[in-house]
$ cat input.cif   # mmCIF, C-alpha atoms
data_final
loop_
_atom_site.label_atom_id
_atom_site.label_comp_id
_atom_site.auth_asym_id
_atom_site.auth_seq_id
_atom_site.Cartn_x
_atom_site.Cartn_y
_atom_site.Cartn_z
CA MET S 1 -17.56 43.90 -46.17
CA THR S 2 -18.11 40.82 -48.26
CA ALA S 3 -17.71 37.26 -47.09
CA ALA S 4 -14.59 36.90 -49.27
CA ASP S 5 -12.97 39.95 -47.61
CA ALA S 6 -13.78 38.57 -44.14
CA GLN S 7 -12.05 35.31 -44.99
CA LEU S 8 -8.96 37.16 -46.22
CA GLN S 9 -8.52 39.01 -42.90
CA PRO S 10 -5.99 37.36 -40.55
CA ARG S 11 -7.51 35.51 -37.63
CA LYS S 12 -6.72 36.70 -34.12
CA LYS S 13 -4.32 34.32 -32.47
CA GLY S 14 -4.83 33.37 -28.80
CA LEU S 15 -3.60 30.77 -26.37
CA THR S 16 -4.93 27.31 -26.82
CA ARG S 17 -6.52 25.44 -23.92
CA ARG S 18 -3.39 23.33 -23.45
CA GLN S 19 -1.19 26.43 -23.43
CA LYS S 20 -3.42 28.04 -20.82
CA ARG S 21 -3.14 24.97 -18.61
CA SER S 22 0.63 24.93 -19.02
CA LEU S 23 0.83 28.64 -18.17
CA SER S 24 -1.37 28.19 -15.08
CA ARG S 25 0.73 25.24 -13.92
CA GLY S 26 3.93 27.24 -14.43
CA VAL S 27 2.57 30.14 -12.37
CA GLN S 28 1.64 27.77 -9.54
CA TYR S 29 5.14 26.27 -9.52
CA VAL S 30 6.70 29.72 -9.41
CA VAL S 31 4.49 30.77 -6.49
CA PHE S 32 5.28 27.55 -4.62
CA VAL S 33 9.04 27.89 -5.12
CA ALA S 34 8.91 31.55 -4.10
CA ALA S 35 7.03 30.65 -0.89
CA VAL S 36 9.55 27.90 -0.04
CA VAL S 37 12.52 30.20 -0.67
CA ALA S 38 10.96 32.99 1.40
CA PHE S 39 10.36 30.58 4.29
CA ALA S 40 13.88 29.12 4.06
CA VAL S 41 15.51 32.56 3.98
CA GLY S 42 13.29 34.27 6.54
CA ALA S 43 13.12 31.52 9.21
CA ASP S 44 15.52 31.62 12.17
CA TRP S 45 16.76 28.04 11.93
CA GLY S 46 19.04 28.40 14.92
CA ARG S 47 16.21 29.24 17.29
CA LEU S 48 14.03 26.50 15.77
CA LYS S 49 16.77 23.95 16.32
CA ASN S 50 17.29 25.02 19.92
CA GLN S 51 13.57 24.81 20.67
CA PHE S 52 12.51 21.74 18.68
CA ALA S 53 15.59 19.66 17.86
CA GLN S 54 17.61 19.03 21.00
CA TRP S 55 19.01 15.54 20.55
CA SER S 56 19.98 15.24 24.21
CA ILE S 57 16.34 15.76 25.23
CA ALA S 58 15.00 13.46 22.51
CA LYS S 59 17.25 10.61 23.72
CA GLN S 60 15.70 10.85 27.17
CA MET S 61 12.30 9.95 25.72
CA PHE S 62 13.36 6.50 24.57
CA PRO S 63 12.27 3.79 25.03
CA ASP S 64 9.27 5.10 27.03
CA VAL S 65 7.87 7.08 24.11
CA ILE S 66 7.51 3.79 22.20
CA THR S 67 6.95 1.18 24.90
CA MET S 68 4.48 3.27 26.89
CA ALA S 69 3.13 6.37 25.07
CA LEU S 70 2.82 4.93 21.56
CA LYS S 71 1.62 1.58 22.91
CA ASN S 72 -1.14 3.28 24.93
CA THR S 73 -2.14 5.39 21.93
CA VAL S 74 -2.49 2.28 19.76
CA LEU S 75 -4.45 0.44 22.47
CA TYR S 76 -6.82 3.38 22.96
CA THR S 77 -7.34 3.67 19.20
CA VAL S 78 -7.94 -0.03 18.55
CA SER S 79 -10.33 -0.42 21.49
CA GLY S 80 -12.29 2.68 20.43
CA PHE S 81 -12.42 1.43 16.83
CA VAL S 82 -13.76 -1.99 17.88
CA VAL S 83 -16.47 -0.42 20.07
CA GLY S 84 -17.36 2.09 17.36
CA LEU S 85 -17.53 -0.58 14.65
CA ALA S 86 -19.80 -2.85 16.71
CA LEU S 87 -22.08 -0.01 17.77
CA GLY S 88 -22.00 1.51 14.28
CA MET S 89 -23.14 -1.76 12.76
CA VAL S 90 -26.12 -1.94 15.11
CA ILE S 91 -27.08 1.68 14.41
CA ALA S 92 -26.71 1.19 10.64
CA LEU S 93 -29.08 -1.79 10.72
CA MET S 94 -31.51 0.20 12.87
CA ARG S 95 -31.29 3.01 10.30
CA LEU S 96 -32.28 0.56 7.56
CA SER S 97 -34.96 -1.16 9.64
CA SER S 98 -38.58 -1.16 8.58
CA VAL S 99 -39.54 -0.39 12.20
CA GLY S 100 -40.09 3.35 12.53
CA PRO S 101 -38.88 3.85 16.14
CA TYR S 102 -35.59 2.10 15.33
CA ARG S 103 -34.97 4.42 12.39
CA TRP S 104 -35.86 7.46 14.51
CA LEU S 105 -33.57 6.46 17.39
CA ALA S 106 -30.69 5.75 15.01
CA GLY S 107 -31.17 9.09 13.27
CA VAL S 108 -31.22 10.99 16.57
CA TYR S 109 -28.06 9.23 17.75
CA ILE S 110 -26.20 9.98 14.54
CA GLU S 111 -27.17 13.65 14.51
CA ILE S 112 -26.24 14.17 18.18
CA PHE S 113 -22.91 12.36 18.30
CA ARG S 114 -21.85 13.54 14.86
CA GLY S 115 -22.56 17.13 15.83
CA LEU S 116 -20.96 17.20 19.29
CA PRO S 117 -17.19 17.77 19.59
CA ALA S 118 -15.30 14.69 20.77
CA LEU S 119 -13.96 16.74 23.69
CA LEU S 120 -17.46 17.07 25.16
CA ILE S 121 -17.98 13.31 24.88
CA PHE S 122 -14.78 12.67 26.85
CA ILE S 123 -15.82 15.15 29.53
CA PHE S 124 -19.27 13.54 29.69
CA ILE S 125 -17.77 10.07 30.17
CA GLY S 126 -15.26 11.29 32.75
CA VAL S 127 -17.53 13.60 34.77
CA ALA S 128 -21.23 13.10 34.04
CA VAL S 129 -21.33 9.30 34.17
CA PRO S 130 -19.76 9.04 37.68
CA LEU S 131 -22.15 11.73 38.92
CA ALA S 132 -25.20 10.06 37.39
CA PHE S 133 -24.27 6.58 38.60
CA PRO S 134 -22.34 6.88 41.89
CA GLY S 135 -20.11 3.95 42.66
CA THR S 136 -20.33 2.59 39.11
CA GLU S 137 -17.02 1.82 37.45
CA ILE S 138 -16.62 1.38 33.71
CA VAL S 139 -14.99 -1.96 32.93
CA GLY S 140 -11.32 -1.55 32.04
CA GLY S 141 -10.70 1.66 33.97
CA THR S 142 -9.15 4.39 31.83
CA TYR S 143 -8.86 2.08 28.83
CA GLY S 144 -12.55 1.27 29.08
CA LYS S 145 -13.50 4.95 29.35
CA VAL S 146 -11.41 5.86 26.32
CA ALA S 147 -12.82 2.94 24.32
CA LEU S 148 -16.37 4.03 25.19
CA ALA S 149 -15.76 7.72 24.44
CA LEU S 150 -14.00 7.09 21.13
CA GLY S 151 -16.51 4.40 20.24
CA LEU S 152 -19.51 6.68 20.81
CA VAL S 153 -18.00 9.31 18.53
CA ALA S 154 -16.83 6.88 15.84
CA ALA S 155 -20.09 4.91 15.78
CA ALA S 156 -22.05 7.89 14.44
CA TYR S 157 -19.75 8.18 11.41
CA MET S 158 -19.27 4.45 10.93
CA ALA S 159 -23.04 3.87 10.99
CA GLU S 160 -23.54 6.14 8.00
CA THR S 161 -20.57 4.59 6.20
CA ILE S 162 -21.87 1.06 6.81
CA ARG S 163 -25.40 2.04 5.79
CA ALA S 164 -24.09 3.49 2.52
CA GLY S 165 -22.07 0.34 1.89
CA ILE S 166 -25.07 -1.93 2.46
CA GLN S 167 -27.21 0.16 0.14
CA ALA S 168 -24.44 0.07 -2.50
CA VAL S 169 -24.72 -3.73 -2.76
CA PRO S 170 -27.00 -4.56 -5.71
CA ARG S 171 -30.54 -5.43 -4.61
CA GLY S 172 -30.40 -8.55 -6.71
CA GLN S 173 -27.97 -10.08 -4.21
CA MET S 174 -30.66 -10.14 -1.54
CA GLU S 175 -33.23 -11.45 -3.98
CA ALA S 176 -30.87 -14.22 -5.09
CA ALA S 177 -30.18 -15.20 -1.47
CA ARG S 178 -33.90 -15.29 -0.67
CA SER S 179 -34.53 -17.47 -3.70
CA LEU S 180 -32.00 -19.96 -2.31
CA GLY S 181 -33.95 -20.19 0.93
CA PHE S 182 -32.00 -17.72 3.05
CA SER S 183 -33.94 -15.78 5.68
CA PRO S 184 -33.59 -11.98 5.51
CA ALA S 185 -31.32 -11.91 8.58
CA ARG S 186 -29.09 -14.74 7.32
CA ALA S 187 -28.87 -13.17 3.86
CA MET S 188 -27.85 -9.86 5.42
CA VAL S 189 -25.14 -11.45 7.59
CA SER S 190 -23.82 -13.97 5.06
CA ILE S 191 -24.22 -12.15 1.72
CA ILE S 192 -24.85 -8.41 2.00
CA ILE S 193 -22.63 -7.29 4.90
CA PRO S 194 -19.42 -9.03 3.63
CA GLN S 195 -19.85 -7.35 0.24
CA ALA S 196 -20.58 -4.01 1.91
CA PHE S 197 -17.38 -4.20 3.96
CA ARG S 198 -15.29 -4.66 0.83
CA ILE S 199 -16.78 -1.40 -0.42
CA ILE S 200 -16.39 0.62 2.78
CA LEU S 201 -12.96 -0.65 3.88
CA PRO S 202 -11.09 2.52 2.73
CA PRO S 203 -13.36 5.00 4.60
CA LEU S 204 -13.27 2.78 7.69
CA THR S 205 -9.46 2.90 7.60
CA ASN S 206 -9.67 6.68 7.35
CA GLU S 207 -11.83 6.64 10.47
CA LEU S 208 -9.12 4.62 12.22
CA VAL S 209 -6.60 7.37 11.41
CA LEU S 210 -8.95 10.02 12.83
CA LEU S 211 -9.44 7.99 16.01
CA PHE S 212 -5.68 7.65 16.36
CA LYS S 213 -5.41 11.43 16.58
CA ASP S 214 -8.54 11.86 18.73
CA SER S 215 -7.00 9.56 21.35
CA SER S 216 -5.04 12.63 22.54
CA LEU S 217 -8.24 13.74 24.34
CA VAL S 218 -7.66 11.05 26.96
CA LEU S 219 -5.96 13.66 29.15
CA PHE S 220 -9.43 15.01 30.06
CA LEU S 221 -10.19 11.72 31.79
CA GLY S 222 -7.30 12.11 34.21
CA VAL S 223 -4.65 9.47 33.53
CA THR S 224 -1.75 8.12 35.55
CA LEU S 225 1.85 8.38 34.38
CA GLU S 226 1.71 4.84 32.98
CA GLU S 227 -1.54 5.55 31.08
CA ARG S 228 -0.31 8.61 29.17
CA GLU S 229 -0.56 8.62 25.40
CA LEU S 230 1.74 10.41 22.95
CA SER S 231 0.35 13.95 23.23
CA LYS S 232 0.14 13.92 27.02
CA TYR S 233 3.59 12.36 27.31
CA GLY S 234 5.10 14.95 24.97
CA ARG S 235 3.45 17.91 26.71
CA ASP S 236 4.54 16.73 30.15
CA LEU S 237 8.16 16.41 29.09
CA ALA S 238 8.02 19.73 27.23
CA SER S 239 6.89 21.53 30.39
CA THR S 240 9.52 19.70 32.47
CA THR S 241 12.42 20.48 30.12
CA ALA S 242 11.14 23.91 29.01
CA ASN S 243 11.73 22.76 25.44
CA SER S 244 9.44 21.69 22.59
CA THR S 245 11.57 18.78 21.35
CA PRO S 246 9.32 16.18 23.08
CA ILE S 247 6.31 17.55 21.17
CA LEU S 248 8.16 17.14 17.88
CA VAL S 249 9.18 13.58 18.76
CA ALA S 250 5.58 12.76 19.72
CA GLY S 251 4.40 14.16 16.39
CA LEU S 252 6.89 12.00 14.51
CA CYS S 253 5.59 8.95 16.38
CA TYR S 254 2.08 9.79 15.17
CA LEU S 255 3.39 9.90 11.62
CA LEU S 256 4.99 6.47 12.06
CA VAL S 257 1.45 5.10 12.23
CA THR S 258 -0.66 7.50 10.15
CA ILE S 259 1.57 7.59 7.05
CA PRO S 260 1.56 3.77 6.55
CA LEU S 261 -2.19 3.73 7.21
CA GLY S 262 -2.67 6.46 4.62
CA PHE S 263 -0.68 4.42 2.11
CA VAL S 264 -2.85 1.39 2.85
CA VAL S 265 -6.01 3.47 2.29
CA ARG S 266 -4.76 4.72 -1.09
CA ARG S 267 -3.90 1.18 -2.18
CA MET S 268 -7.32 -0.11 -1.17
CA GLU S 269 -9.06 2.74 -2.99
CA ALA S 270 -7.01 2.03 -6.12
CA LYS S 271 -7.93 -1.67 -5.98
CA ALA S 272 -11.58 -0.80 -5.45
CA GLN S 273 -11.55 1.44 -8.52
CA GLU S 274 -9.86 -1.30 -10.58
CA ALA S 275 -12.53 -3.78 -9.46
CA VAL S 276 -15.26 -1.39 -10.60
CA LYS S 277 -13.65 -1.02 -14.03
#
$ encode --input "input.cif" --output "structure tokens"
Amino acid sequence: MTAADAQLQPRKKGLTRRQKRSLSRGVQYVVFVAAVVAFAVGADWGRLKNQFAQWSIAKQMFPDVITMALKNTVLYTVSGFVVGLALGMVIALMRLSSVGPYRWLAGVYIEIFRGLPALLIFIFIGVAVPLAFPGTEIVGGTYGKVALALGLVAAAYMAETIRAGIQAVPRGQMEAARSLGFSPARAMVSIIIPQAFRIILPPLTNELVLLFKDSSLVLFLGVTLEERELSKYGRDLASTTANSTPILVAGLCYLLVTIPLGFVVRRMEAKAQEAVK
């Protein structure tokens, strides 16, 4: 076959890249709609309503679910976040230190507390500490124990986040501060760390959301009725009423906090990307 004959033959037509993407997207939509329809048709909505949506039971939860359970959850989360942020900052600076033992200790801490489940940390604080130090009380009672347990867990993650933020600041910033007569410590506190926090603010807010959910582990410390958080409060009422409506209400209260926080995180990430551009 000559080159002229090859050019005269019709070319095989196939889908373009854009058509393939459109076809793939259409298939995904069809699968999603089919799954939603199957769920809507197959679910027993009457039984779900009776078990999870009893308005008479939900009304009994107010205002305690807000004034006590949600308030305690927020207090536990904020206190744990403050402890974790302070401890995480110290560990991050130790991780960046030129002193070898500091770097080694920080690395060991991060690997241990990042690898252990948060549940074990709560049990350790509630059981092991009183056994190891008889008669010693953690300041703040239950609130202090929760702050310490959540802080120990959060510090391991925050330390790595803070370290990455400090290292993301251009090295020239430190050199410029030193040329102006700043000591290394003052340059770190006044110049480097503020810039690092602008970078790591979104991941730190994500850590706050995770701590908000981890606060449900407070039940392993043994709390009084007035110290219950959302999960404990919902489970207690669910067992008392033999109905799961309190659990659903508690879950909605979690969303009242986590959804706005998630929106804030997305806005901060968008602003950070715009600043980079």
$ closest_residue --input "input.cif" --among "S:Met68, S:Ile166, S:Val249, S:Ala159" --to "Ala196 (chain S)" --atoms "only C-alpha atoms"
S:Ile166
$ resolve_selection --input "input.cif" --expression "the PyMOL selection byres ((chain S and resi 67) around 12)" --output "list in words"
Met61, Phe62, Pro63, Asp64, Val65, Ile66, Met68, Ala69, Leu70, Lys71, Asn72, Thr73, Val74, Leu75, Glu226, Glu227, Arg228, Glu229, Leu230, Tyr233 and Cys253 of chain S
$ resolve_selection --input "input.cif" --expression "the PyMOL selection byres ((chain S and resi 152) around 8)" --output "ChimeraX atom specification"
/S:83-84,87,113,121,148-151,153-156
$ resolve_selection --input "input.cif" --expression "the PyMOL selection byres ((chain S and resi 215) around 8)" --output "number ranges by chain"
S: 73, 76-77, 146, 150, 211-214, 216-218, 229
$ closest_residue --input "input.cif" --among "S:Val36, S:Leu119, S:Leu93, S:Leu15" --to "Met158 (chain S)" --atoms "all atoms listed in the file"
S:Leu93
$ closest_residue --input "input.cif" --among "S:Val264, S:Leu120, S:Ile191, S:Ile91" --to "Ala106 (chain S)" --atoms "all atoms listed in the file"
S:Ile91
$ residues_around --input "input.cif" --residues "Gly165 (chain S)" --least-positions-apart "2" --cutoff "10 Å" --atoms "only C-alpha atoms" --output "ChimeraX atom specification"
/S:92,159-163,167-169,192-201
$ residues_around --input "input.cif" --residues "Gly126 (chain S)" --least-positions-apart "5" --cutoff "9 Å" --atoms "only C-alpha atoms" --output "NGL selection string"
:S and (121 or 145 or 220-222)
